[in-house]
$ cat query-v2.csv   # CSV, C-alpha atoms and all ligand atoms
chain,number,residue,atom,x,y,z
A,1,MET,CA,16.2,7.6,-22.4
A,2,SER,CA,15.0,11.2,-22.8
A,3,GLN,CA,12.4,12.8,-20.6
A,4,ALA,CA,10.0,13.0,-23.4
A,5,SER,CA,10.1,9.3,-24.2
A,6,GLU,CA,10.0,8.3,-20.5
A,7,GLY,CA,6.8,10.3,-20.2
A,8,SER,CA,5.5,8.8,-23.4
A,9,ARG,CA,5.5,5.4,-21.7
A,10,SER,CA,3.6,6.4,-18.7
A,11,LEU,CA,0.4,4.5,-17.9
A,12,HIS,CA,-2.8,6.5,-17.8
A,13,LEU,CA,-6.2,5.1,-16.7
A,14,SER,CA,-9.1,7.5,-17.4
A,15,GLN,CA,-12.6,7.0,-16.0
A,16,LEU,CA,-12.0,3.3,-16.2
A,17,THR,CA,-15.1,1.4,-15.2
A,18,LYS,CA,-16.0,-2.3,-15.0
A,19,GLU,CA,-19.5,-3.6,-14.4
A,20,PHE,CA,-20.3,-7.2,-13.9
A,21,ALA,CA,-24.1,-7.4,-14.5
A,22,THR,CA,-25.5,-4.9,-12.0
A,23,PHE,CA,-22.4,-4.8,-9.9
A,24,THR,CA,-19.8,-2.1,-10.5
A,25,ALA,CA,-16.4,-3.5,-9.5
A,26,VAL,CA,-14.3,-0.5,-10.6
A,27,LYS,CA,-15.8,3.0,-10.7
A,28,ALA,CA,-14.5,5.7,-13.0
A,29,LEU,CA,-10.9,5.2,-12.0
A,30,ASP,CA,-8.4,8.0,-12.9
A,31,LEU,CA,-4.8,7.1,-12.5
A,32,ASP,CA,-1.4,8.2,-13.8
A,33,VAL,CA,1.6,6.0,-13.3
A,34,PRO,CA,4.8,7.7,-14.3
A,35,HIS,CA,7.2,5.4,-16.3
A,36,GLY,CA,9.8,3.8,-14.0
A,37,SER,CA,7.8,4.1,-10.8
A,38,PHE,CA,6.9,1.3,-8.4
A,39,PHE,CA,3.2,1.8,-7.9
A,40,ALA,CA,1.0,-0.2,-5.5
A,41,LEU,CA,-2.8,-0.7,-5.6
A,42,LEU,CA,-3.7,-1.4,-2.0
A,43,GLY,CA,-7.1,-2.4,-0.7
A,44,PRO,CA,-9.1,-5.1,1.0
A,45,SER,CA,-10.4,-8.2,-0.7
A,46,GLY,CA,-13.0,-7.5,-3.3
A,47,CYS,CA,-12.3,-3.8,-3.7
A,48,GLY,CA,-11.5,-4.1,-7.4
A,49,LYS,CA,-7.7,-4.3,-7.5
A,50,THR,CA,-7.4,-7.4,-9.6
A,51,THR,CA,-10.1,-6.3,-12.0
A,52,THR,CA,-8.2,-3.1,-12.6
A,53,LEU,CA,-5.0,-5.0,-13.2
A,54,ARG,CA,-6.8,-7.5,-15.6
A,55,MET,CA,-8.1,-4.5,-17.6
A,56,VAL,CA,-4.6,-3.1,-17.9
A,57,ALA,CA,-3.3,-6.6,-19.0
A,58,GLY,CA,-6.1,-6.9,-21.5
A,59,LEU,CA,-7.7,-9.9,-19.8
A,60,GLU,CA,-10.9,-8.0,-19.0
A,61,THR,CA,-12.7,-5.6,-21.2
A,62,PRO,CA,-13.6,-2.3,-19.6
A,63,THR,CA,-17.3,-1.3,-19.6
A,64,SER,CA,-16.2,2.3,-20.2
A,65,GLY,CA,-13.1,4.6,-19.9
A,66,SER,CA,-9.7,4.2,-21.4
A,67,ILE,CA,-6.2,2.9,-20.9
A,68,ARG,CA,-3.2,4.6,-22.5
A,69,LEU,CA,0.4,3.8,-22.5
A,70,GLY,CA,2.0,7.1,-23.4
A,71,ASP,CA,0.1,8.3,-26.4
A,72,THR,CA,-1.1,4.9,-27.5
A,73,ASP,CA,-4.6,3.9,-26.6
A,74,ILE,CA,-4.5,0.2,-25.6
A,75,THR,CA,-8.0,-0.1,-24.1
A,76,TYR,CA,-9.1,-2.8,-26.5
A,77,ALA,CA,-5.7,-4.1,-27.6
A,78,LYS,CA,-5.2,-7.9,-27.4
A,79,PRO,CA,-3.1,-8.9,-24.4
A,80,TYR,CA,-0.2,-10.0,-26.6
A,81,GLN,CA,-0.3,-6.7,-28.4
A,82,ARG,CA,0.4,-4.7,-25.2
A,83,PRO,CA,3.9,-4.1,-23.8
A,84,VAL,CA,2.6,-5.4,-20.5
A,85,ASN,CA,3.4,-8.6,-18.6
A,86,THR,CA,1.9,-10.1,-15.5
A,87,VAL,CA,3.3,-12.0,-12.6
A,88,PHE,CA,0.6,-13.9,-10.7
A,89,GLN,CA,0.6,-15.4,-7.2
A,90,SER,CA,0.7,-18.9,-8.8
A,91,TYR,CA,4.0,-18.9,-10.6
A,92,ALA,CA,2.7,-20.9,-13.6
A,93,LEU,CA,6.1,-22.2,-14.5
A,94,PHE,CA,6.5,-25.2,-16.9
A,95,PRO,CA,7.5,-28.0,-14.5
A,96,HIS,CA,9.1,-30.2,-17.1
A,97,LEU,CA,11.4,-27.4,-18.4
A,98,ASP,CA,14.5,-26.3,-16.4
A,99,ILE,CA,14.8,-22.7,-15.1
A,100,TYR,CA,16.9,-21.6,-18.1
A,101,GLU,CA,14.3,-22.9,-20.6
A,102,ASN,CA,11.4,-21.4,-18.6
A,103,VAL,CA,13.0,-18.0,-18.8
A,104,ALA,CA,14.0,-18.4,-22.5
A,105,PHE,CA,10.6,-19.6,-23.6
A,106,GLY,CA,9.1,-16.2,-24.5
A,107,LEU,CA,12.2,-15.1,-26.3
A,108,ARG,CA,12.5,-18.3,-28.4
A,109,ARG,CA,8.8,-18.0,-29.4
A,110,ARG,CA,9.5,-14.5,-30.6
A,111,LYS,CA,12.8,-15.5,-32.1
A,112,SER,CA,14.3,-12.6,-30.3
A,113,GLY,CA,18.1,-11.8,-30.7
A,114,ASP,CA,20.8,-13.4,-28.5
A,115,VAL,CA,18.7,-15.6,-26.3
A,116,ASP,CA,21.6,-17.1,-24.3
A,117,ARG,CA,23.0,-13.7,-23.3
A,118,GLN,CA,19.6,-12.3,-22.4
A,119,VAL,CA,18.6,-15.3,-20.3
A,120,LYS,CA,21.9,-15.3,-18.4
A,121,GLU,CA,21.6,-11.6,-17.7
A,122,MET,CA,18.1,-12.1,-16.4
A,123,LEU,CA,19.0,-15.1,-14.2
A,124,ASP,CA,21.8,-13.1,-12.8
A,125,LEU,CA,19.4,-10.2,-12.1
A,126,VAL,CA,17.2,-12.5,-10.0
A,127,GLU,CA,20.3,-14.2,-8.5
A,128,LEU,CA,19.5,-17.6,-9.9
A,129,GLY,CA,22.5,-17.8,-12.3
A,130,THR,CA,23.8,-21.0,-10.6
A,131,GLN,CA,20.3,-22.7,-10.6
A,132,ALA,CA,19.7,-22.6,-14.4
A,133,ARG,CA,19.6,-26.3,-14.9
A,134,LYS,CA,17.2,-27.1,-12.1
A,135,LYS,CA,13.6,-27.8,-12.6
A,136,PRO,CA,10.9,-25.7,-10.8
A,137,PRO,CA,9.9,-28.3,-8.3
A,138,GLN,CA,13.6,-28.4,-7.1
A,139,LEU,CA,13.4,-24.7,-6.1
A,140,SER,CA,11.9,-23.0,-3.1
A,141,GLY,CA,8.8,-20.9,-3.3
A,142,GLY,CA,10.8,-17.6,-3.3
A,143,GLN,CA,13.2,-19.0,-6.0
A,144,GLN,CA,10.2,-20.1,-8.2
A,145,GLN,CA,8.7,-16.6,-7.8
A,146,ARG,CA,12.0,-15.1,-9.0
A,147,VAL,CA,11.9,-17.4,-12.1
A,148,ALA,CA,8.4,-16.1,-12.8
A,149,LEU,CA,9.7,-12.6,-12.5
A,150,ALA,CA,12.6,-13.2,-14.8
A,151,ARG,CA,10.3,-14.8,-17.3
A,152,ALA,CA,8.0,-11.8,-17.2
A,153,LEU,CA,10.8,-9.3,-17.4
A,154,ILE,CA,12.8,-10.8,-20.2
A,155,ASN,CA,10.6,-9.3,-22.9
A,156,ARG,CA,11.3,-5.9,-21.4
A,157,PRO,CA,7.6,-4.9,-21.0
A,158,ASP,CA,6.9,-1.2,-20.4
A,159,VAL,CA,4.7,-2.2,-17.5
A,160,LEU,CA,5.0,-5.2,-15.2
A,161,LEU,CA,1.8,-6.1,-13.4
A,162,LEU,CA,2.2,-8.0,-10.1
A,163,ASP,CA,-0.9,-9.6,-8.7
A,164,GLU,CA,-0.2,-10.5,-5.1
A,165,PRO,CA,3.0,-12.2,-6.2
A,166,LEU,CA,4.2,-12.9,-2.7
A,167,GLY,CA,1.0,-14.1,-1.3
A,168,ALA,CA,2.0,-17.8,-1.3
A,169,LEU,CA,5.3,-17.2,0.6
A,170,ASP,CA,5.8,-17.4,4.3
A,171,LEU,CA,6.3,-14.1,6.2
A,172,LYS,CA,10.1,-14.2,6.4
A,173,LEU,CA,10.5,-15.0,2.7
A,174,ARG,CA,7.9,-12.4,1.8
A,175,ARG,CA,9.8,-9.7,3.6
A,176,ALA,CA,13.1,-10.8,1.9
A,177,MET,CA,11.3,-10.8,-1.5
A,178,GLN,CA,9.9,-7.4,-1.0
A,179,ILE,CA,13.4,-5.9,-0.7
A,180,GLU,CA,14.5,-8.1,-3.6
A,181,LEU,CA,11.6,-6.9,-5.9
A,182,LYS,CA,12.4,-3.3,-5.1
A,183,ARG,CA,16.0,-3.8,-5.9
A,184,ILE,CA,15.1,-5.5,-9.3
A,185,GLN,CA,12.7,-2.7,-10.1
A,186,THR,CA,15.3,0.0,-9.5
A,187,GLU,CA,17.8,-1.9,-11.5
A,188,VAL,CA,15.6,-2.5,-14.6
A,189,GLY,CA,13.8,0.9,-14.3
A,190,LEU,CA,10.5,-0.3,-15.6
A,191,THR,CA,7.1,0.5,-14.3
A,192,PHE,CA,5.8,-2.0,-11.7
A,193,VAL,CA,2.2,-2.0,-10.7
A,194,HIS,CA,1.8,-4.2,-7.7
A,195,VAL,CA,-1.6,-5.3,-6.3
A,196,THR,CA,-1.7,-6.2,-2.6
A,197,HIS,CA,-4.0,-6.2,0.4
A,198,ASP,CA,-0.9,-6.0,2.7
A,199,GLN,CA,-0.3,-2.4,3.8
A,200,GLU,CA,3.2,-3.1,5.0
A,201,GLU,CA,4.1,-4.7,1.7
A,202,ALA,CA,2.7,-1.7,-0.3
A,203,MET,CA,4.5,0.8,1.9
A,204,THR,CA,7.8,-1.1,1.9
A,205,MET,CA,8.1,-1.3,-1.8
A,206,ALA,CA,6.1,1.4,-3.6
A,207,ASP,CA,7.0,5.0,-4.4
A,208,THR,CA,3.3,5.7,-4.7
A,209,VAL,CA,0.4,3.9,-3.1
A,210,ALA,CA,-3.2,4.1,-4.2
A,211,VAL,CA,-5.7,3.0,-1.5
A,212,MET,CA,-8.7,1.4,-3.1
A,213,ASN,CA,-12.1,0.8,-1.5
A,214,ALA,CA,-15.3,-0.4,-3.1
A,215,GLY,CA,-14.1,0.2,-6.6
A,216,VAL,CA,-12.7,3.7,-6.1
A,217,ILE,CA,-9.4,5.2,-5.1
A,218,GLU,CA,-9.8,6.9,-1.7
A,219,GLN,CA,-6.3,8.4,-1.6
A,220,MET,CA,-3.0,8.2,-3.5
A,221,GLY,CA,0.4,9.4,-2.5
A,222,ALA,CA,3.8,8.5,-1.1
A,223,PRO,CA,3.5,5.9,1.7
A,224,ALA,CA,4.6,8.3,4.5
A,225,GLU,CA,2.2,11.0,3.3
A,226,LEU,CA,-0.8,8.5,3.3
A,227,TYR,CA,0.2,7.2,6.8
A,228,GLU,CA,0.8,10.6,8.4
A,229,ASN,CA,-2.0,12.6,6.7
A,230,PRO,CA,-4.9,10.2,5.8
A,231,ARG,CA,-7.9,12.0,4.3
A,232,THR,CA,-10.5,9.4,5.2
A,233,THR,CA,-11.2,7.1,8.1
A,234,PHE,CA,-10.8,4.1,5.8
A,235,VAL,CA,-7.3,5.1,4.8
A,236,ALA,CA,-6.5,6.0,8.4
A,237,ASN,CA,-7.5,2.5,9.6
A,238,PHE,CA,-6.3,0.5,6.6
A,239,LEU,CA,-2.8,1.8,6.8
A,240,GLY,CA,-2.3,1.1,10.5
A,241,GLN,CA,-3.8,1.7,13.9
A,242,SER,CA,-5.3,5.0,14.7
A,243,ASN,CA,-7.2,6.6,17.6
A,244,LEU,CA,-10.3,8.5,16.3
A,245,ILE,CA,-11.9,10.8,18.8
A,246,ALA,CA,-15.1,12.7,18.3
A,247,GLY,CA,-14.7,16.5,18.2
A,248,LYS,CA,-16.2,19.8,17.1
A,249,VAL,CA,-14.4,22.4,15.2
A,250,LEU,CA,-14.1,25.7,17.1
A,251,GLY,CA,-12.3,27.7,14.4
A,252,ALA,CA,-9.0,28.5,12.8
A,253,GLU,CA,-6.1,30.0,14.6
A,254,GLY,CA,-3.0,30.7,12.5
A,255,ASP,CA,-1.7,27.4,11.0
A,256,PHE,CA,-4.0,25.4,13.1
A,257,VAL,CA,-7.6,24.4,13.4
A,258,LYS,CA,-8.9,24.4,17.0
A,259,VAL,CA,-11.2,21.5,18.0
A,260,ASP,CA,-13.1,20.8,21.1
A,261,MET,CA,-12.6,17.2,22.1
A,262,HIS,CA,-14.8,16.2,25.1
A,263,GLY,CA,-14.1,19.6,26.7
A,264,ILE,CA,-10.4,19.7,25.8
A,265,THR,CA,-9.2,22.1,23.1
A,266,VAL,CA,-6.7,20.5,20.7
A,267,SER,CA,-4.9,21.9,17.7
A,268,ILE,CA,-4.7,20.3,14.2
A,269,PRO,CA,-2.5,21.6,11.4
A,270,GLN,CA,-4.6,23.2,8.7
A,271,GLU,CA,-3.2,20.9,6.0
A,272,ARG,CA,-4.3,17.9,8.0
A,273,ALA,CA,-7.7,19.2,8.9
A,274,HIS,CA,-10.0,17.7,6.2
A,275,VAL,CA,-13.1,19.3,7.7
A,276,LYS,CA,-13.0,23.0,8.6
A,277,THR,CA,-16.4,23.4,10.4
A,278,GLY,CA,-18.8,21.2,12.3
A,279,ASP,CA,-18.1,17.7,13.6
A,280,GLY,CA,-15.0,15.7,13.0
A,281,TRP,CA,-12.8,12.8,14.0
A,282,VAL,CA,-9.6,13.8,15.7
A,283,GLY,CA,-7.0,11.2,14.6
A,284,ILE,CA,-3.8,10.4,16.2
A,285,ARG,CA,-1.5,7.3,15.6
A,286,PRO,CA,-0.8,5.3,18.8
A,287,GLU,CA,2.9,5.7,18.5
A,288,LYS,CA,2.6,9.5,18.4
A,289,VAL,CA,0.9,9.5,21.9
A,290,LEU,CA,3.1,10.1,24.9
A,291,ILE,CA,2.1,8.5,28.2
A,292,ALA,CA,3.2,9.9,31.5
A,293,ALA,CA,2.6,9.4,35.2
A,294,VAL,CA,0.3,12.0,36.7
A,295,GLY,CA,2.4,15.1,37.5
A,296,GLU,CA,5.4,13.8,35.6
A,297,ASP,CA,7.1,16.6,33.7
A,298,ILE,CA,7.1,15.5,30.1
A,299,ASP,CA,8.7,17.8,27.6
A,300,ALA,CA,5.9,17.8,25.1
A,301,PRO,CA,4.4,21.0,23.8
A,302,GLY,CA,1.0,20.2,22.5
A,303,ASN,CA,-2.3,18.6,23.2
A,304,HIS,CA,-2.7,17.4,26.7
A,305,LEU,CA,-5.3,14.9,28.0
A,306,ASP,CA,-5.5,14.3,31.7
A,307,GLY,CA,-7.3,11.7,33.7
A,308,GLY,CA,-6.5,8.4,31.8
A,309,VAL,CA,-6.4,5.0,33.4
A,310,VAL,CA,-4.3,2.1,32.0
A,311,THR,CA,-6.7,-0.8,31.2
A,312,ASP,CA,-4.4,-3.0,29.3
A,313,VAL,CA,-0.6,-3.5,28.9
A,314,SER,CA,1.0,-5.7,26.2
A,315,PHE,CA,4.7,-6.0,26.0
A,316,VAL,CA,5.6,-6.8,22.4
A,317,GLY,CA,9.4,-6.6,22.4
A,318,VAL,CA,10.2,-3.4,20.5
A,319,SER,CA,7.3,-1.6,22.0
A,320,THR,CA,4.8,-1.7,24.8
A,321,GLN,CA,1.2,-1.2,23.8
A,322,TYR,CA,-1.2,0.3,26.3
A,323,LEU,CA,-5.0,0.8,26.3
A,324,VAL,CA,-5.9,3.9,28.3
A,325,ARG,CA,-9.5,4.7,29.3
A,326,MET,CA,-10.2,8.4,29.1
A,327,PRO,CA,-12.7,10.3,31.2
A,328,TRP,CA,-15.3,10.2,28.4
A,329,GLY,CA,-15.1,6.4,28.4
A,330,GLN,CA,-13.2,5.8,25.2
A,331,GLU,CA,-10.1,3.6,25.3
A,332,LEU,CA,-7.1,5.0,23.4
A,333,GLN,CA,-4.2,3.1,22.1
A,334,VAL,CA,-0.7,4.2,23.0
A,335,PHE,CA,2.5,2.5,21.6
A,336,GLU,CA,5.7,3.3,23.4
A,337,GLN,CA,9.1,2.2,22.1
A,338,ASN,CA,11.0,0.1,24.6
A,339,THR,CA,14.2,2.1,24.9
A,340,GLY,CA,14.8,0.7,28.4
A,341,ARG,CA,15.0,4.2,29.7
A,342,ARG,CA,11.5,4.4,31.2
A,343,ARG,CA,9.6,2.1,33.5
A,344,LEU,CA,6.5,0.4,32.2
A,345,PHE,CA,3.1,1.6,33.5
A,346,ASN,CA,0.8,-0.9,35.2
A,347,LYS,CA,-2.8,-1.8,34.6
A,348,GLY,CA,-5.0,0.4,36.8
A,349,GLU,CA,-2.4,3.2,37.0
A,350,SER,CA,-3.5,6.8,36.4
A,351,VAL,CA,-1.7,8.5,33.5
A,352,ASP,CA,-1.8,11.6,31.4
A,353,LEU,CA,-1.5,11.5,27.6
A,354,SER,CA,-0.2,14.1,25.2
A,355,TRP,CA,0.9,14.5,21.6
A,356,ARG,CA,2.4,17.2,19.4
A,357,PRO,CA,-0.2,19.0,17.4
A,358,GLU,CA,1.6,18.5,14.1
A,359,TYR,CA,1.0,14.7,14.3
A,360,ALA,CA,-2.8,14.9,14.6
A,361,PHE,CA,-5.3,14.9,11.7
A,362,LEU,CA,-9.0,15.7,11.4
A,363,LEU,CA,-11.5,13.7,9.4
A,364,ASP,CA,-15.1,14.1,8.3
A,365,ALA,CA,-17.4,12.9,11.1
A,366,SER,CA,-20.0,11.5,8.6
A,367,GLN,CA,-17.6,8.6,7.9
A,368,ASP,CA,-17.7,5.3,9.6
A,369,VAL,CA,-14.9,4.7,12.1
A,370,ASN,CA,-14.6,1.0,11.6
B,401,LIG,P1,-8.9,-10.0,-4.0
B,401,LIG,O1,-7.8,-9.3,-3.2
B,401,LIG,O2,-9.8,-10.8,-3.1
B,401,LIG,O3,-8.5,-10.6,-5.2
B,401,LIG,P2,-9.7,-7.6,-5.4
B,401,LIG,O4,-9.7,-6.3,-4.8
B,401,LIG,O5,-8.7,-8.0,-6.4
B,401,LIG,O6,-9.9,-8.8,-4.4
B,401,LIG,P3,-11.5,-8.1,-7.6
B,401,LIG,O7,-11.0,-9.5,-7.9
B,401,LIG,O8,-11.1,-7.1,-8.6
B,401,LIG,O9,-11.2,-7.7,-6.2
B,401,LIG,O10,-13.1,-8.2,-7.5
B,401,LIG,C1,-13.9,-7.0,-7.3
B,401,LIG,C2,-15.3,-7.4,-7.2
B,401,LIG,O11,-15.8,-7.8,-8.5
B,401,LIG,C3,-15.6,-8.5,-6.3
B,401,LIG,O12,-16.8,-8.2,-5.5
B,401,LIG,C4,-15.8,-9.7,-7.2
B,401,LIG,O13,-16.7,-10.6,-6.6
B,401,LIG,C5,-16.4,-9.0,-8.4
B,401,LIG,N1,-16.0,-9.8,-9.6
B,401,LIG,C6,-14.8,-10.0,-10.1
B,401,LIG,N2,-14.8,-10.7,-11.2
B,401,LIG,C7,-16.1,-11.0,-11.5
B,401,LIG,C8,-16.8,-11.7,-12.5
B,401,LIG,N3,-16.1,-12.2,-13.6
B,401,LIG,N4,-18.1,-11.7,-12.5
B,401,LIG,C9,-18.8,-11.1,-11.5
B,401,LIG,N5,-18.2,-10.4,-10.5
B,401,LIG,C10,-16.9,-10.4,-10.5
$ encode --input "query-v2.csv" --output "structure tokens"
Amino acid sequence: MSQASEGSRSLHLSQLTKEFATFTAVKALDLDVPHGSFFALLGPSGCGKTTTLRMVAGLETPTSGSIRLGDTDITYAKPYQRPVNTVFQSYALFPHLDIYENVAFGLRRRKSGDVDRQVKEMLDLVELGTQARKKPPQLSGGQQQRVALARALINRPDVLLLDEPLGALDLKLRRAMQIELKRIQTEVGLTFVHVTHDQEEAMTMADTVAVMNAGVIEQMGAPAELYENPRTTFVANFLGQSNLIAGKVLGAEGDFVKVDMHGITVSIPQERAHVKTGDGWVGIRPEKVLIAAVGEDIDAPGNHLDGGVVTDVSFVGVSTQYLVRMPWGQELQVFEQNTGRRRLFNKGESVDLSWRPEYAFLLDASQDVN
């Protein structure tokens, strides 16, 4: 496939809006999904993910805006006219047909080529080649989900939409299927747009994640970029735990912005400082914070905070999670990996905290922290 034709099958949403009576579920969404990418729309319940997906599938008519696949405008095309398929959480398999016939169904209807070869290929891809003659109720949830996937992929859509497809599976199976889905996507090279409210799921699978909140995309990027450098408090909190500490910008100094944080001057890299003057939230992920006994020499150049007291200790296997009360009354979270090389700190113990400046970020103080 040439670069030009790859590009020509990219998905573009432009100012896409959906209003239900007086409520705007999706607000002027702009989105470019390159062909062949694994894209996740991540956000809490009710933020407009499914509505966006349904508009791309043609199951919902946009109030305004457009949807293009390459150069073709498909905003008002009928669902069956779009090279788009959807896998839902409910597998919607035909219970009376065996796995083979479930997968062959779409091809037979379209009288499409060598059905037997294509079905066998697809069943092999989802590793169900040996289960072809079983009926759906004889399969596990994960296997049924893979049948649904094979059935959606067999028509070779340009875009496969996945609406919380793993939501009905238990945690262990869900983790296994996440890896499986990623493998299949890489193998078939099609565009997958995956809707989920599970940040770990989105980050595990997607090349690009768009974080949605109240009908708008707050931030979009590679999982690590969103996690390490969130631009809003919503993204910082939705993608994991973060400590947000009130501060006041003092000014710039080289590659850093200096911030006064309860009388302590801390440095934030310029590219992570999303406010340059006035008040801000200094953000630091709990696993980036180092904890040390008072006077202990820890080799950490950076932002030092003295005078902490451990108020809670939770041992969670791979890590120990501390709550540390700082002199200004706020409790900070600290996650320390259990390497076995250090002793645990006790509740009530005095400790000092520190972190490397390059891990911190600074957010607009006018935003809610919860
Ligand atoms: P979930 O993860 O719970 O499915 P979501 O992010 O997918 O949530 P949507 O299903 O897109 O959210 O819904 C977005 C908002 O639009 C919700 O507040 C929902 O109540 C509203 N909504 C969705 N469909 C309709 C409809 N047909 N009529 C009125 N309001 C609707």
$ closest_residue --input "query-v2.csv" --among "A:Gln367, A:Gly340, A:Leu69, A:Ala150" --to "Thr232 of chain A" --atoms "only C-alpha atoms"
A:Gln367
$ residues_around --input "query-v2.csv" --residues "Asn243 of chain A" --least-positions-apart "3" --cutoff "7 Å" --atoms "all atoms listed in the file" --output "list of chain:residue names"
A:Gly283, A:Ile284, A:Arg285, A:Pro286, A:Leu332, A:Gln333
$ residues_near_ligand --input "query-v2.csv" --ligand "ligand LIG 401 (chain B)" --cutoff "7 Å" --atoms "only C-alpha atoms and all ligand atoms" --output "PyMOL selection string"
chain A and resi 20+25+43-52+196-197
$ residues_around --input "query-v2.csv" --residues "segment 122-137 of chain A" --least-positions-apart "5" --cutoff "8 Å" --atoms "all atoms listed in the file" --output "PDB file with C-alpha atoms, in the frame of the given file"
ATOM      1  CA  LEU A  93       6.100 -22.200 -14.500  1.00  0.00           C
ATOM      2  CA  PHE A  94       6.500 -25.200 -16.900  1.00  0.00           C
ATOM      3  CA  PRO A  95       7.500 -28.000 -14.500  1.00  0.00           C
ATOM      4  CA  HIS A  96       9.100 -30.200 -17.100  1.00  0.00           C
ATOM      5  CA  LEU A  97      11.400 -27.400 -18.400  1.00  0.00           C
ATOM      6  CA  ASP A  98      14.500 -26.300 -16.400  1.00  0.00           C
ATOM      7  CA  ILE A  99      14.800 -22.700 -15.100  1.00  0.00           C
ATOM      8  CA  TYR A 100      16.900 -21.600 -18.100  1.00  0.00           C
ATOM      9  CA  GLN A 143      13.200 -19.000  -6.000  1.00  0.00           C
ATOM     10  CA  GLN A 144      10.200 -20.100  -8.200  1.00  0.00           C
ATOM     11  CA  ARG A 146      12.000 -15.100  -9.000  1.00  0.00           C
ATOM     12  CA  VAL A 147      11.900 -17.400 -12.100  1.00  0.00           C
ATOM     13  CA  LEU A 149       9.700 -12.600 -12.500  1.00  0.00           C
ATOM     14  CA  ALA A 150      12.600 -13.200 -14.800  1.00  0.00           C
ATOM     15  CA  LEU A 153      10.800  -9.300 -17.400  1.00  0.00           C
ATOM     16  CA  ILE A 154      12.800 -10.800 -20.200  1.00  0.00           C
ATOM     17  CA  ILE A 184      15.100  -5.500  -9.300  1.00  0.00           C
TER      18      ILE A 184
END
$ closest_residue --input "query-v2.csv" --among "A:Leu16, A:Val188, A:Val56, A:Val209" --to "Leu41 of chain A" --atoms "only C-alpha atoms"
A:Val209
$ residues_around --input "query-v2.csv" --residues "Gln145 of chain A" --least-positions-apart "3" --cutoff "6 Å" --atoms "all atoms listed in the file" --output "NGL selection string"
:A and (91 or 142 or 148)
$ atom_distance --input "query-v2.csv" --atom1 "atom CA of Ala273 of chain A" --atom2 "atom CA of His304 of chain A"
18.6 Å
$ atom_distance --input "query-v2.csv" --atom1 "atom CA of Gln185 of chain A" --atom2 "atom CA of Ser37 of chain A"
8.4 Å
$ closest_residue --input "query-v2.csv" --among "A:Leu13, A:Val310, A:Met177, A:Ala236" --to "Val33 of chain A" --atoms "all atoms listed in the file"
A:Leu13
$ residues_near_point --input "query-v2.csv" --point "(-2.4, -0.3, -23.0)" --cutoff "10 Å" --atoms "all atoms listed in the file" --output "list in words"
Arg9, Ser10, Leu11, His12, Leu13, Met55, Val56, Ala57, Gly58, Ser66, Ile67, Arg68, Leu69, Gly70, Asp71, Thr72, Asp73, Ile74, Thr75, Tyr76, Ala77, Lys78, Pro79, Gln81, Arg82, Pro83, Val84, Asp158 and Val159 of chain A
$ write_last_selection --input "query-v2.csv" --atoms "C-alpha atoms" --output "PDB file, in the frame of the given file"
ATOM      1  CA  ARG A   9       5.500   5.400 -21.700  1.00  0.00           C
ATOM      2  CA  SER A  10       3.600   6.400 -18.700  1.00  0.00           C
ATOM      3  CA  LEU A  11       0.400   4.500 -17.900  1.00  0.00           C
ATOM      4  CA  HIS A  12      -2.800   6.500 -17.800  1.00  0.00           C
ATOM      5  CA  LEU A  13      -6.200   5.100 -16.700  1.00  0.00           C
ATOM      6  CA  MET A  55      -8.100  -4.500 -17.600  1.00  0.00           C
ATOM      7  CA  VAL A  56      -4.600  -3.100 -17.900  1.00  0.00           C
ATOM      8  CA  ALA A  57      -3.300  -6.600 -19.000  1.00  0.00           C
ATOM      9  CA  GLY A  58      -6.100  -6.900 -21.500  1.00  0.00           C
ATOM     10  CA  SER A  66      -9.700   4.200 -21.400  1.00  0.00           C
ATOM     11  CA  ILE A  67      -6.200   2.900 -20.900  1.00  0.00           C
ATOM     12  CA  ARG A  68      -3.200   4.600 -22.500  1.00  0.00           C
ATOM     13  CA  LEU A  69       0.400   3.800 -22.500  1.00  0.00           C
ATOM     14  CA  GLY A  70       2.000   7.100 -23.400  1.00  0.00           C
ATOM     15  CA  ASP A  71       0.100   8.300 -26.400  1.00  0.00           C
ATOM     16  CA  THR A  72      -1.100   4.900 -27.500  1.00  0.00           C
ATOM     17  CA  ASP A  73      -4.600   3.900 -26.600  1.00  0.00           C
ATOM     18  CA  ILE A  74      -4.500   0.200 -25.600  1.00  0.00           C
ATOM     19  CA  THR A  75      -8.000  -0.100 -24.100  1.00  0.00           C
ATOM     20  CA  TYR A  76      -9.100  -2.800 -26.500  1.00  0.00           C
ATOM     21  CA  ALA A  77      -5.700  -4.100 -27.600  1.00  0.00           C
ATOM     22  CA  LYS A  78      -5.200  -7.900 -27.400  1.00  0.00           C
ATOM     23  CA  PRO A  79      -3.100  -8.900 -24.400  1.00  0.00           C
ATOM     24  CA  GLN A  81      -0.300  -6.700 -28.400  1.00  0.00           C
ATOM     25  CA  ARG A  82       0.400  -4.700 -25.200  1.00  0.00           C
ATOM     26  CA  PRO A  83       3.900  -4.100 -23.800  1.00  0.00           C
ATOM     27  CA  VAL A  84       2.600  -5.400 -20.500  1.00  0.00           C
ATOM     28  CA  ASP A 158       6.900  -1.200 -20.400  1.00  0.00           C
ATOM     29  CA  VAL A 159       4.700  -2.200 -17.500  1.00  0.00           C
TER      30      VAL A 159
END
$ atom_distance --input "query-v2.csv" --atom1 "atom CA of Asn346 of chain A" --atom2 "atom CA of Ile291 of chain A"
11.8 Å
$ closest_atom_pairs --input "query-v2.csv" --of "segment 215-271 of chain A" --to "segment 325-330 of chain A" --cutoff "10 Å" --atoms "all atoms listed in the file" --output "Markdown table"
| residue | atom | partner | partner_atom | distance |
| --- | --- | --- | --- | --- |
| A:Asn243 | CA | A:Gln330 | CA | 9.7 |
| A:Leu244 | CA | A:Gln330 | CA | 9.7 |
| A:Ile245 | CA | A:Gln330 | CA | 8.2 |
| A:Ala246 | CA | A:Gln330 | CA | 9.9 |
| A:Met261 | CA | A:Trp328 | CA | 9.8 |
| A:His262 | CA | A:Trp328 | CA | 6.9 |
| A:Gly263 | CA | A:Trp328 | CA | 9.6 |
